[in-house]
file target28.cif (mmCIF, C-alpha atoms)
data_input
loop_
_atom_site.label_atom_id
_atom_site.label_comp_id
_atom_site.auth_asym_id
_atom_site.auth_seq_id
_atom_site.Cartn_x
_atom_site.Cartn_y
_atom_site.Cartn_z
CA MET A 197 0.00 0.00 0.00
CA LYS A 198 2.83 2.42 0.84
CA LYS A 199 4.38 1.90 -2.57
CA ARG A 200 1.20 2.99 -4.34
CA THR A 201 0.86 6.16 -2.29
CA LYS A 202 4.37 7.23 -3.32
CA THR A 203 4.03 6.19 -6.96
CA LEU A 204 0.84 8.14 -7.69
CA PRO A 205 2.21 11.55 -6.59
CA ALA A 206 5.42 10.85 -8.53
CA ILE A 207 3.40 10.15 -11.70
CA ILE A 208 1.31 13.30 -11.22
CA VAL A 209 4.41 15.45 -10.64
CA GLY A 210 6.16 13.89 -13.65
CA ALA A 211 3.15 14.48 -15.90
CA ALA A 212 2.85 18.09 -14.71
CA ILE A 213 6.54 18.75 -15.45
CA LEU A 214 6.23 17.15 -18.89
CA ILE A 215 3.08 19.12 -19.79
CA GLY A 216 4.60 22.34 -18.44
CA GLY A 217 7.77 21.79 -20.46
CA ILE A 218 5.85 21.15 -23.68
CA TRP A 219 3.66 24.22 -23.06
CA GLY A 220 6.74 26.38 -22.37
CA ILE A 221 8.51 25.27 -25.55
CA ASN A 222 5.35 25.87 -27.60
CA GLU A 223 4.84 29.37 -26.13
CA SER A 224 8.47 30.34 -26.74
CA ARG A 225 8.01 29.80 -30.48
CA TYR A 226 5.70 32.83 -30.74
CA PRO A 227 6.98 36.41 -30.98
CA ASP A 228 6.79 38.39 -27.74
CA VAL A 229 4.14 40.90 -28.89
CA PRO A 230 0.55 41.53 -27.67
CA ALA A 231 -1.06 40.03 -30.80
CA PHE A 232 0.49 36.64 -30.05
CA ASP A 233 -0.31 36.86 -26.31
CA ASP A 234 -4.00 36.35 -27.15
CA HIS A 235 -4.72 32.76 -28.22
CA PHE A 236 -7.70 33.78 -30.38
CA THR A 237 -5.75 36.43 -32.31
CA ARG A 238 -2.76 34.17 -32.91
CA LYS A 239 -5.01 31.72 -34.82
CA PHE A 240 -5.16 34.31 -37.62
CA LEU A 241 -1.48 35.27 -37.67
CA ASN A 242 1.45 33.66 -39.40
CA LYS A 243 4.23 33.77 -36.80
CA GLY A 244 6.89 33.36 -39.48
CA GLU A 245 5.55 36.16 -41.69
CA LYS A 246 6.57 39.51 -40.26
CA VAL A 247 5.64 41.54 -43.35
CA ALA A 248 6.98 44.86 -42.10
CA ASN A 249 8.26 46.40 -38.89
CA GLY A 250 5.38 46.07 -36.41
CA PHE A 251 3.10 43.99 -38.68
CA TYR A 252 2.39 40.29 -39.18
CA GLU A 253 0.46 38.53 -41.93
CA PHE A 254 -3.22 38.07 -41.00
CA LYS A 255 -5.08 35.33 -42.87
CA SER A 256 -8.85 35.47 -42.85
CA LYS A 257 -10.82 32.43 -41.70
CA THR A 258 -12.84 32.75 -44.93
CA GLY A 259 -9.63 32.26 -46.92
CA GLN A 260 -10.63 35.21 -49.09
CA TYR A 261 -8.03 37.77 -47.99
CA THR A 262 -4.82 38.43 -46.13
CA MET A 263 -3.69 41.72 -44.66
CA TRP A 264 -1.03 43.36 -42.53
CA PHE A 265 -2.04 43.19 -38.87
CA PRO A 266 -0.41 45.49 -36.27
CA GLU A 267 1.46 43.54 -33.60
CA GLU A 268 0.03 45.52 -30.67
CA TYR A 269 -3.66 44.84 -31.51
CA GLN A 270 -5.80 41.87 -30.44
CA VAL A 271 -8.98 40.58 -32.12
CA LEU A 272 -11.98 40.89 -29.80
CA HIS A 273 -13.95 37.68 -29.27
CA LYS A 274 -15.76 37.81 -25.93
CA ASN A 275 -19.14 38.86 -27.39
CA ARG A 276 -20.87 37.28 -30.37
CA GLU A 277 -20.80 40.55 -32.33
CA ASP A 278 -17.02 41.03 -31.87
CA TYR A 279 -16.14 38.29 -34.35
CA ALA A 280 -18.56 36.77 -36.84
CA VAL A 281 -17.97 34.53 -39.83
CA ASN A 282 -20.34 32.92 -42.32
CA ASN A 283 -18.66 30.35 -44.56
CA ASP A 284 -16.53 32.13 -47.16
CA SER A 285 -18.87 35.03 -47.97
CA TYR A 286 -18.84 37.12 -44.78
CA GLU A 287 -16.47 37.97 -41.94
CA SER A 288 -16.61 40.82 -39.46
CA TRP A 289 -14.27 41.58 -36.56
CA TRP A 290 -12.97 44.25 -34.21
CA ALA A 291 -9.41 44.56 -32.94
CA VAL A 292 -8.34 46.81 -30.07
CA TYR A 293 -5.14 48.30 -28.68
CA SER A 294 -5.05 50.31 -25.44
CA GLU A 295 -2.35 52.81 -24.59
CA GLU A 296 -1.67 55.50 -22.02
CA VAL A 297 -1.98 59.05 -23.42
CA GLU A 298 -1.48 61.96 -21.04
CA GLY A 299 -2.30 59.79 -18.03
CA LYS A 300 -5.53 58.39 -19.52
CA THR A 301 -6.16 55.03 -21.17
CA GLN A 302 -7.01 55.44 -24.84
CA ALA A 303 -8.51 52.56 -26.83
CA ASN A 304 -7.72 52.34 -30.53
CA TYR A 305 -9.95 50.15 -32.70
CA ILE A 306 -9.87 48.49 -36.10
CA LYS A 307 -13.22 47.41 -37.55
CA THR A 308 -13.09 45.09 -40.53
CA GLU A 309 -15.95 43.68 -42.53
CA PHE A 310 -15.58 41.38 -45.51
CA LEU A 311 -18.60 40.63 -47.66
CA THR A 312 -18.70 39.15 -51.11
CA SER A 313 -21.04 41.37 -53.06
CA ASN A 314 -22.63 41.96 -56.39
CA PRO A 315 -20.49 44.58 -58.21
CA ALA A 316 -23.64 46.09 -59.75
CA ASP A 317 -25.01 46.94 -56.26
CA GLU A 318 -21.66 47.96 -54.84
CA SER A 319 -21.56 51.47 -56.30
CA ILE A 320 -24.89 52.33 -54.61
CA HIS A 321 -23.59 51.35 -51.15
CA VAL A 322 -20.16 52.94 -51.62
CA GLU A 323 -21.65 56.19 -52.88
CA ALA A 324 -24.05 56.35 -49.91
CA LEU A 325 -21.22 55.67 -47.47
CA PHE A 326 -18.94 58.34 -48.92
CA LYS A 327 -21.77 60.86 -49.17
CA GLY A 328 -22.95 60.26 -45.59
CA ARG A 329 -19.55 60.15 -43.91
CA PHE A 330 -17.35 62.38 -46.05
CA GLU A 331 -19.83 64.51 -48.00
CA LEU A 332 -18.26 63.21 -51.21
CA SER A 333 -20.69 61.91 -53.83
CA ALA A 334 -18.20 60.48 -56.34
CA PRO A 335 -15.28 58.64 -54.69
CA ASN A 336 -12.15 57.78 -56.65
CA LYS A 337 -11.64 54.12 -57.52
CA ILE A 338 -8.65 51.90 -58.26
CA GLU A 339 -9.63 48.59 -59.83
CA THR A 340 -7.71 45.46 -60.74
CA SER A 341 -9.04 42.14 -62.00
CA GLN A 342 -9.75 41.01 -58.41
CA THR A 343 -9.93 44.15 -56.26
CA ARG A 344 -11.70 47.50 -56.08
CA ILE A 345 -10.43 50.20 -53.71
CA TYR A 346 -12.50 53.33 -53.16
CA TYR A 347 -10.92 56.47 -51.72
#
call {"tool": "encode", "arguments": {"input": "target28.cif", "output": "structure tokens"}}
result
Amino acid sequence: MKKRTKTLPAIIVGAAILIGGIWGINESRYPDVPAFDDHFTRKFLNKGEKVANGFYEFKSKTGQYTMWFPEEYQVLHKNREDYAVNNDSYESWWAVYSEEVEGKTQANYIKTEFLTSNPADESIHVEALFKGRFELSAPNKIETSQTRIYY
């Protein structure tokens, strides 16, 4: 009986050390930046693809786009409306970064929405957005075979 009582704690301690060692090695493989501190955000980021100083490659869960993601931001995911995805046609998310400015905490946000759309309807929505927000009725457009950018 005494042998069993000593063996069980030894097995538990050994397993805990092994699991802790594996976890530590796995965590050390990620860059030491806030984006990789959040387990949800790191699912989108390619740890080996630092595309520019302060940015990592972000790959959408829809597989439809990649972008540069700032290393100090984290994708929000606590509420249902923070991150939403619908197959490969829709994805919406918020990312936040908090910093101290003149003794006050300032939150900086990125709001991204991806939606596959009908190009015929697109001009109506874009024109309304630019007119409502910027009082500009005819935005400029850069277009390639796969992308349209309005500015």
call {"tool": "atom_distance", "arguments": {"input": "target28.cif", "atom1": "CA of Ile345 (chain A)", "atom2": "CA of Thr262 (chain A)"}}
result
15.1 Å
call {"tool": "closest_residue", "arguments": {"input": "target28.cif", "among": "A:Glu253, A:Glu323, A:Glu267, A:Glu277", "to": "Pro227 (chain A)", "atoms": "all atoms listed in the file"}}
result
A:Glu267
call {"tool": "closest_atom_pairs", "arguments": {"input": "target28.cif", "of": "region 243-268 of chain A", "to": "region 231-237 of chain A", "cutoff": "10 Å", "atoms": "all atoms listed in the file", "output": "CSV"}}
result
residue,atom,partner,partner_atom,distance
A:Lys243,CA,A:Phe232,CA,8.2
A:Phe251,CA,A:Ala231,CA,9.8
A:Tyr252,CA,A:Ala231,CA,9.1
A:Phe254,CA,A:Thr237,CA,9.2
A:Phe265,CA,A:Ala231,CA,8.7
A:Pro266,CA,A:Ala231,CA,7.8
A:Glu267,CA,A:Ala231,CA,5.1
A:Glu268,CA,A:Ala231,CA,5.6
call {"tool": "resolve_selection", "arguments": {"input": "target28.cif", "expression": "the PyMOL selection byres ((chain A and resi 301-309) around 10)", "output": "PyMOL selection string"}}
result
chain A and resi 265-266+269-272+278-281+286-300+310-311
call {"tool": "atom_distance", "arguments": {"input": "target28.cif", "atom1": "CA of Leu241 (chain A)", "atom2": "CA of Asp228 (chain A)"}}
result
13.3 Å
call {"tool": "atom_distance", "arguments": {"input": "target28.cif", "atom1": "CA of Lys257 (chain A)", "atom2": "CA of Asn282 (chain A)"}}
result
9.6 Å
call {"tool": "decode", "arguments": {"input": "target28.cif", "residues": "region 246-290 of chain A", "atoms": "N, CA and C atoms", "output": "tab-separated table (two decimals), in the first residue's frame"}}
result
chain	number	residue	atom	x	y	z
A	246	LYS	N	6.56	38.11	-40.67
A	246	LYS	CA	6.57	39.51	-40.26
A	246	LYS	C	6.73	40.30	-41.56
A	247	VAL	N	5.64	40.91	-42.03
A	247	VAL	CA	5.64	41.54	-43.35
A	247	VAL	C	6.31	42.90	-43.35
A	248	ALA	N	6.32	43.57	-42.22
A	248	ALA	CA	6.98	44.86	-42.10
A	248	ALA	C	7.23	45.09	-40.61
A	249	ASN	N	7.99	46.10	-40.29
A	249	ASN	CA	8.26	46.40	-38.89
A	249	ASN	C	6.95	46.70	-38.16
A	250	GLY	N	6.59	45.87	-37.19
A	250	GLY	CA	5.38	46.07	-36.41
A	250	GLY	C	4.14	45.40	-36.98
A	251	PHE	N	4.27	44.62	-38.05
A	251	PHE	CA	3.10	43.99	-38.68
A	251	PHE	C	3.38	42.52	-38.99
A	252	TYR	N	2.33	41.70	-38.83
A	252	TYR	CA	2.39	40.29	-39.18
A	252	TYR	C	1.29	39.99	-40.19
A	253	GLU	N	1.47	38.91	-40.94
A	253	GLU	CA	0.46	38.53	-41.93
A	253	GLU	C	-0.77	37.95	-41.22
A	254	PHE	N	-1.93	38.51	-41.53
A	254	PHE	CA	-3.22	38.07	-41.00
A	254	PHE	C	-3.93	37.33	-42.12
A	255	LYS	N	-4.35	36.11	-41.87
A	255	LYS	CA	-5.08	35.33	-42.87
A	255	LYS	C	-6.50	35.13	-42.37
A	256	SER	N	-7.44	35.56	-43.18
A	256	SER	CA	-8.85	35.47	-42.85
A	256	SER	C	-9.29	34.02	-42.72
A	257	LYS	N	-10.25	33.77	-41.84
A	257	LYS	CA	-10.82	32.43	-41.70
A	257	LYS	C	-11.68	32.07	-42.91
A	258	THR	N	-12.09	33.06	-43.70
A	258	THR	CA	-12.84	32.75	-44.93
A	258	THR	C	-11.90	32.30	-46.03
A	259	GLY	N	-10.60	32.59	-45.88
A	259	GLY	CA	-9.63	32.26	-46.92
A	259	GLY	C	-9.67	33.22	-48.09
A	260	GLN	N	-10.44	34.29	-47.98
A	260	GLN	CA	-10.63	35.21	-49.09
A	260	GLN	C	-9.63	36.37	-49.11
A	261	TYR	N	-8.96	36.64	-48.01
A	261	TYR	CA	-8.03	37.77	-47.99
A	261	TYR	C	-6.96	37.59	-46.93
A	262	THR	N	-5.87	38.29	-47.14
A	262	THR	CA	-4.82	38.43	-46.13
A	262	THR	C	-4.56	39.92	-45.99
A	263	MET	N	-3.99	40.31	-44.87
A	263	MET	CA	-3.69	41.72	-44.66
A	263	MET	C	-2.56	41.86	-43.66
A	264	TRP	N	-2.03	43.06	-43.55
A	264	TRP	CA	-1.03	43.36	-42.53
A	264	TRP	C	-1.77	43.66	-41.25
A	265	PHE	N	-1.38	43.01	-40.15
A	265	PHE	CA	-2.04	43.19	-38.87
A	265	PHE	C	-1.02	43.76	-37.88
A	266	PRO	N	-1.35	44.88	-37.21
A	266	PRO	CA	-0.41	45.49	-36.27
A	266	PRO	C	-0.16	44.59	-35.06
A	267	GLU	N	1.09	44.48	-34.66
A	267	GLU	CA	1.46	43.54	-33.60
A	267	GLU	C	0.92	43.90	-32.23
A	268	GLU	N	0.52	45.15	-32.00
A	268	GLU	CA	0.03	45.52	-30.67
A	268	GLU	C	-1.49	45.34	-30.51
A	269	TYR	N	-2.21	45.02	-31.56
A	269	TYR	CA	-3.66	44.84	-31.51
A	269	TYR	C	-4.03	43.39	-31.22
A	270	GLN	N	-5.25	43.20	-30.67
A	270	GLN	CA	-5.80	41.87	-30.44
A	270	GLN	C	-7.24	41.84	-30.95
A	271	VAL	N	-7.62	40.74	-31.60
A	271	VAL	CA	-8.98	40.58	-32.12
A	271	VAL	C	-9.91	40.31	-30.94
A	272	LEU	N	-10.99	41.09	-30.85
A	272	LEU	CA	-11.98	40.89	-29.80
A	272	LEU	C	-12.80	39.64	-30.11
A	273	HIS	N	-13.18	38.90	-29.05
A	273	HIS	CA	-13.95	37.68	-29.27
A	273	HIS	C	-14.84	37.30	-28.10
A	274	LYS	N	-14.96	38.15	-27.12
A	274	LYS	CA	-15.76	37.81	-25.93
A	274	LYS	C	-17.26	37.82	-26.22
A	275	ASN	N	-17.73	38.77	-27.03
A	275	ASN	CA	-19.14	38.86	-27.39
A	275	ASN	C	-19.36	38.33	-28.80
A	276	ARG	N	-20.55	37.86	-29.06
A	276	ARG	CA	-20.87	37.28	-30.37
A	276	ARG	C	-20.66	38.27	-31.51
A	277	GLU	N	-20.91	39.56	-31.26
A	277	GLU	CA	-20.80	40.55	-32.33
A	277	GLU	C	-19.35	41.01	-32.56
A	278	ASP	N	-18.43	40.64	-31.69
A	278	ASP	CA	-17.02	41.03	-31.87
A	278	ASP	C	-16.40	40.35	-33.08
A	279	TYR	N	-16.65	39.05	-33.21
A	279	TYR	CA	-16.14	38.29	-34.35
A	279	TYR	C	-17.25	37.43	-34.91
A	280	ALA	N	-17.52	37.57	-36.19
A	280	ALA	CA	-18.56	36.77	-36.84
A	280	ALA	C	-18.06	36.32	-38.20
A	281	VAL	N	-18.35	35.07	-38.54
A	281	VAL	CA	-17.97	34.53	-39.83
A	281	VAL	C	-19.11	33.66	-40.35
A	282	ASN	N	-19.31	33.72	-41.68
A	282	ASN	CA	-20.34	32.92	-42.32
A	282	ASN	C	-19.72	32.31	-43.58
A	283	ASN	N	-19.29	31.07	-43.45
A	283	ASN	CA	-18.66	30.35	-44.56
A	283	ASN	C	-17.55	31.19	-45.19
A	284	ASP	N	-17.58	31.35	-46.51
A	284	ASP	CA	-16.53	32.13	-47.16
A	284	ASP	C	-17.06	33.44	-47.74
A	285	SER	N	-18.29	33.82	-47.37
A	285	SER	CA	-18.87	35.03	-47.97
A	285	SER	C	-18.92	36.22	-47.03
A	286	TYR	N	-18.72	36.01	-45.72
A	286	TYR	CA	-18.84	37.12	-44.78
A	286	TYR	C	-17.92	36.90	-43.58
A	287	GLU	N	-17.27	37.98	-43.16
A	287	GLU	CA	-16.47	37.97	-41.94
A	287	GLU	C	-16.43	39.39	-41.40
A	288	SER	N	-16.63	39.52	-40.11
A	288	SER	CA	-16.61	40.82	-39.46
A	288	SER	C	-15.88	40.69	-38.13
A	289	TRP	N	-14.99	41.63	-37.82
A	289	TRP	CA	-14.27	41.58	-36.56
A	289	TRP	C	-13.78	42.96	-36.12
A	290	TRP	N	-13.55	43.07	-34.82
A	290	TRP	CA	-12.97	44.25	-34.21
A	290	TRP	C	-11.63	43.85	-33.60
